[in-house]
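Data from work.cif: mmCIF, C-alpha atoms
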data_coords
loop_
_atom_site.label_atom_id
_atom_site.label_comp_id
_atom_site.auth_asym_id
_atom_site.auth_seq_id
_atom_site.Cartn_x
_atom_site.Cartn_y
_atom_site.Cartn_z
CA MET A 1 100.60 93.18 102.61
CA THR A 2 104.27 93.93 102.96
CA HIS A 3 106.08 95.63 105.80
CA ASP A 4 106.71 98.64 103.56
CA PHE A 5 102.98 98.95 102.88
CA HIS A 6 102.20 98.71 106.60
CA LYS A 7 104.72 101.49 107.28
CA PHE A 8 103.05 103.59 104.60
CA TRP A 9 99.63 102.88 106.12
CA LEU A 10 100.87 103.88 109.57
CA LYS A 11 101.60 107.31 108.10
CA ILE A 12 98.01 107.47 106.84
CA THR A 13 96.74 106.44 110.27
CA ALA A 14 98.88 109.11 111.94
CA VAL A 15 97.56 111.81 109.61
CA ILE A 16 93.94 110.70 110.10
CA ILE A 17 94.25 110.94 113.88
CA ALA A 18 96.30 114.12 113.94
CA SER A 19 93.93 115.83 111.47
CA PHE A 20 91.35 116.08 114.26
CA ALA A 21 93.83 117.98 116.48
CA PRO A 22 93.53 121.40 114.82
CA VAL A 23 89.74 121.17 114.87
CA MET A 24 89.80 120.47 118.59
CA PHE A 25 92.45 123.13 119.25
CA LEU A 26 90.42 125.77 117.40
CA GLY A 27 87.47 124.83 119.56
CA SER A 28 89.38 126.03 122.59
CA MET A 29 88.82 129.66 121.54
CA GLU A 30 85.40 131.20 121.10
CA ALA A 31 86.38 133.12 117.95
CA THR A 32 87.57 129.96 116.15
CA ALA A 33 85.22 127.32 117.54
CA TRP A 34 83.09 126.92 114.39
CA PRO A 35 85.08 123.94 112.96
CA MET A 36 84.59 122.01 116.19
CA GLN A 37 80.94 123.06 116.41
CA PHE A 38 80.34 121.81 112.86
CA THR A 39 82.23 118.57 113.53
CA LEU A 40 80.16 117.85 116.64
CA ASP A 41 76.97 118.69 114.75
CA LEU A 42 77.95 116.35 111.90
CA LEU A 43 79.00 113.49 114.18
CA GLY A 44 75.85 113.87 116.28
CA LEU A 45 73.40 113.92 113.37
CA PRO A 46 70.98 115.40 112.46
CA LEU A 47 72.55 118.69 111.38
CA ASP A 48 70.66 120.90 113.80
CA GLY A 49 73.35 122.94 115.54
CA LEU A 50 73.44 120.55 118.49
CA PRO A 51 75.30 119.76 120.60
CA VAL A 52 76.31 123.35 121.28
CA CYS A 53 79.85 123.87 122.45
CA GLY A 54 81.45 127.05 123.65
CA ASP A 55 81.11 127.08 127.41
CA PRO A 56 84.42 127.25 129.30
CA ALA A 57 84.37 123.53 130.13
CA SER A 58 83.93 122.42 126.51
CA ARG A 59 86.66 124.83 125.37
CA PHE A 60 89.00 123.40 127.99
CA ILE A 61 88.19 119.81 127.00
CA SER A 62 88.72 120.79 123.38
CA ALA A 63 92.19 122.12 124.16
CA ILE A 64 93.10 118.91 125.98
CA LEU A 65 91.74 116.70 123.17
CA GLY A 66 93.63 118.69 120.55
CA GLY A 67 96.87 117.94 122.37
CA ILE A 68 96.02 114.28 122.90
CA LEU A 69 95.08 113.75 119.26
CA LEU A 70 98.20 115.48 117.98
CA GLY A 71 100.35 113.46 120.38
CA TRP A 72 98.71 110.19 119.36
CA GLY A 73 99.17 110.97 115.67
CA VAL A 74 102.83 111.92 116.16
CA THR A 75 103.39 108.79 118.25
CA ILE A 76 102.11 106.58 115.44
CA TRP A 77 104.21 108.45 112.87
CA LEU A 78 107.33 107.98 114.99
CA LEU A 79 106.57 104.33 115.73
CA GLN A 80 106.61 103.64 111.98
CA ALA A 81 109.81 105.67 111.55
CA TRP A 82 111.83 104.55 114.59
CA VAL A 83 110.42 101.24 115.87
CA TYR A 84 108.57 99.38 113.11
CA ASP A 85 111.65 97.90 111.44
CA ALA A 86 112.79 96.36 114.73
CA ALA A 87 109.35 95.09 115.84
CA PRO A 88 106.82 95.23 112.97
CA GLU A 89 104.31 92.86 114.53
CA GLY A 90 104.51 94.56 117.92
CA VAL A 91 103.89 97.99 116.38
CA ARG A 92 101.03 96.67 114.24
CA ARG A 93 99.33 94.96 117.17
CA THR A 94 99.82 98.00 119.40
CA ILE A 95 98.19 100.38 116.91
CA VAL A 96 95.32 98.04 116.06
CA THR A 97 94.64 97.40 119.76
CA ALA A 98 94.75 101.12 120.57
CA LEU A 99 92.34 101.92 117.73
CA VAL A 100 89.92 99.19 118.78
CA CYS A 101 90.03 100.49 122.38
CA TRP A 102 89.32 104.02 121.13
CA PHE A 103 86.46 102.70 118.99
CA VAL A 104 84.78 100.77 121.83
CA LEU A 105 84.98 103.54 124.42
CA ASP A 106 84.18 106.40 122.03
CA SER A 107 81.24 104.50 120.54
CA ALA A 108 79.84 103.45 123.91
CA GLY A 109 80.14 107.02 125.18
CA SER A 110 78.48 108.35 122.04
CA VAL A 111 75.49 106.04 122.48
CA LEU A 112 75.22 106.75 126.20
CA SER A 113 75.37 110.51 125.60
CA GLY A 114 72.54 110.35 123.07
CA HIS A 115 74.61 110.54 119.87
CA PRO A 116 74.50 107.01 118.40
CA SER A 117 75.09 108.34 114.87
CA ASN A 118 78.73 108.88 115.83
CA VAL A 119 79.18 105.10 115.93
CA LEU A 120 78.72 105.04 112.13
CA PHE A 121 81.44 107.67 111.72
CA ASN A 122 83.63 105.72 114.14
CA ILE A 123 83.25 102.56 112.05
CA GLY A 124 84.47 104.46 108.99
CA ILE A 125 87.40 106.02 110.85
CA LEU A 126 88.36 102.66 112.36
CA ALA A 127 88.25 100.92 108.98
CA LEU A 128 90.30 103.65 107.34
CA ALA A 129 92.82 104.05 110.17
CA VAL A 130 93.45 100.32 110.60
CA GLY A 131 93.16 99.54 106.90
CA PRO A 132 95.40 96.65 105.89
CA MET A 133 96.93 96.41 109.36
CA TRP A 134 94.14 94.04 110.46
CA ARG A 135 96.41 91.31 109.16
CA PRO A 136 100.11 90.80 109.77
CA ALA A 137 102.46 91.72 106.95
CA ARG A 138 104.14 88.91 105.16
CA ASP A 139 107.87 88.55 105.47
CA PRO A 140 109.36 89.29 102.03
CA ALA A 141 112.20 86.84 102.79
CA VAL A 142 109.68 83.98 103.05
CA THR A 143 108.20 82.82 99.75
#
Can the structure from this file be put into structure tokens for me?
Amino acid sequence: MTHDFHKFWLKITAVIIASFAPVMFLGSMEATAWPMQFTLDLLGLPLDGLPVCGDPASRFISAILGGILLGWGVTIWLLQAWVYDAAPEGVRRTIVTALVCWFVLDSAGSVLSGHPSNVLFNIGILALAVGPMWRPARDPAVT
């Protein structure tokens, strides 16, 4: 992989993460909570309408998560735009480490809360978000 491809992939990673933000934000309001309800139902297979969200606490948590996910996505986008050229390996390692940390904690929490099927979705998201960044980019100046 080249540095240019890693920068491109960081944009994909940013969009993947930030794409969950509107779903979470919509879950903060009762009238627009259905996308979050469906997402939780899908991630917590089987499709049975559970877990049910909509109480004030879950709406509040949804609002917070929407902001966190949007912020994380924007951070990754801006790291590729403003920092990557100066420190490509540092940015790559930071993003991969952050995604692995998310994966471990989210997956452990999913299992402990009775929703182990989410681990399978997490594996897919991790693989897609990290993509070719598992490995350092090669320096195009070195042949």
Can you list every residue of stretch 1-87 of chain A that has an atom at most 9 Å from stretch 132-139 of chain A, with its nearest atom pair and the distance in Å to one decimal, using only C-alpha atoms, ordered by chain then number, as JSON lines?
{"residue": "A:Met1", "atom": "CA", "partner": "A:Ala137", "partner_atom": "CA", "distance": 4.9}
{"residue": "A:Thr2", "atom": "CA", "partner": "A:Ala137", "partner_atom": "CA", "distance": 4.9}
{"residue": "A:His3", "atom": "CA", "partner": "A:Ala137", "partner_atom": "CA", "distance": 5.5}
{"residue": "A:Asp4", "atom": "CA", "partner": "A:Ala137", "partner_atom": "CA", "distance": 8.8}
{"residue": "A:Phe5", "atom": "CA", "partner": "A:Ala137", "partner_atom": "CA", "distance": 8.3}
{"residue": "A:His6", "atom": "CA", "partner": "A:Met133", "partner_atom": "CA", "distance": 6.4}
{"residue": "A:Trp9", "atom": "CA", "partner": "A:Pro132", "partner_atom": "CA", "distance": 7.5}
{"residue": "A:Leu10", "atom": "CA", "partner": "A:Met133", "partner_atom": "CA", "distance": 8.4}
(request) Would you mind reading off the distance between atom CA of A:Asp48 and atom CA of A:Val100, one decimal, in Å? (result)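 Pair atom CA of A:Asp48 / atom CA of A:Val100 returns 29.4 Å.
Closest approach to A:His115 from the set A:Val23, A:Ser28, A:Leu42, A:Ile16 is made by A:Leu42, with distances taken over all atoms listed in the file.
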(request) Anything within 10 Å of (82.2, 105.5, 117.4): list those residues as a PyMOL selection string, counting only C-alpha atoms and sticking to the file's coordinates. (result) chain A and resi 43+102-111+115-126
Could you save those same residues with C-alpha atoms as a short mmCIF file (atom, residue, chain, number, x, y, z; two decimals), in the coordinates of the input?
data_model
loop_
_atom_site.label_atom_id
_atom_site.label_comp_id
_atom_site.auth_asym_id
_atom_site.auth_seq_id
_atom_site.Cartn_x
_atom_site.Cartn_y
_atom_site.Cartn_z
CA LEU A 43 79.00 113.49 114.18
CA TRP A 102 89.32 104.02 121.13
CA PHE A 103 86.46 102.70 118.99
CA VAL A 104 84.78 100.77 121.83
CA LEU A 105 84.98 103.54 124.42
CA ASP A 106 84.18 106.40 122.03
CA SER A 107 81.24 104.50 120.54
CA ALA A 108 79.84 103.45 123.91
CA GLY A 109 80.14 107.02 125.18
CA SER A 110 78.48 108.35 122.04
CA VAL A 111 75.49 106.04 122.48
CA HIS A 115 74.61 110.54 119.87
CA PRO A 116 74.50 107.01 118.40
CA SER A 117 75.09 108.34 114.87
CA ASN A 118 78.73 108.88 115.83
CA VAL A 119 79.18 105.10 115.93
CA LEU A 120 78.72 105.04 112.13
CA PHE A 121 81.44 107.67 111.72
CA ASN A 122 83.63 105.72 114.14
CA ILE A 123 83.25 102.56 112.05
CA GLY A 124 84.47 104.46 108.99
CA ILE A 125 87.40 106.02 110.85
CA LEU A 126 88.36 102.66 112.36
#
(message) Using only C-alpha atoms for the distances, tell me which of A:Leu79, A:Ala87, A:Leu26, A:Leu128 is nearest to A:Ser58.
(response) A:Leu26
(message) I'd like the interatomic distance between atom CA of A:Ile68 and atom CA of A:Val91, to a tenth of an Å.
(response)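 Result for atom CA of A:Ile68 versus atom CA of A:Val91: 19.2 Å, one decimal.
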(message) Excluding A:Ile12 and its own-chain neighbours fewer than 4 positions away, which residues fall within 10 Å of it when counting only C-alpha atoms? Please give them as a VMD selection string.
(response) chain A and resid 6 to 8 16 to 18 73 76 to 77 128 to 131
Determine the axis-aligned bounding box of all atoms of stretch 77-83 of chain A present in the file, pad each side by 8 Å, and express its centre and edge lengths in Å to one decimal place as AutoDock Vina command-line options.
--center_x 108.0 --center_y 104.8 --center_z 113.7 --size_x 23.6 --size_y 23.2 --size_z 20.3
(request) Can you work out which one of A:Ile95, A:Met29, A:Val15, A:Leu78 has the shortest atom-to-atom distance to A:Phe60, counting only C-alpha atoms? (result) A:Met29
(message) My list of candidates is A:Met36, A:Leu65, A:Leu70, A:Ala31. Which is closest to A:Pro51 when distances are computed with only C-alpha atoms?
(response) A:Met36
(message) When you count only C-alpha atoms, which of these residues is closest to A:Gly54: A:Met24, A:Val83, A:Ala98, A:Leu69?
(response)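 Going through A:Met24, A:Val83, A:Ala98, A:Leu69 one by one, the smallest distance to A:Gly54 is for A:Met24.
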(request) Record the distance separating atom CA of A:Phe20 and atom CA of A:Gly71, expressed in Å with one decimal. (result)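 Separation of atom CA of A:Phe20 and atom CA of A:Gly71: 11.2 Å.
Checking A:Gly114, A:Ser62, A:Thr97, A:Glu89 one by one against A:Leu50, counting only C-alpha atoms, you find the shortest gap at A:Gly114.
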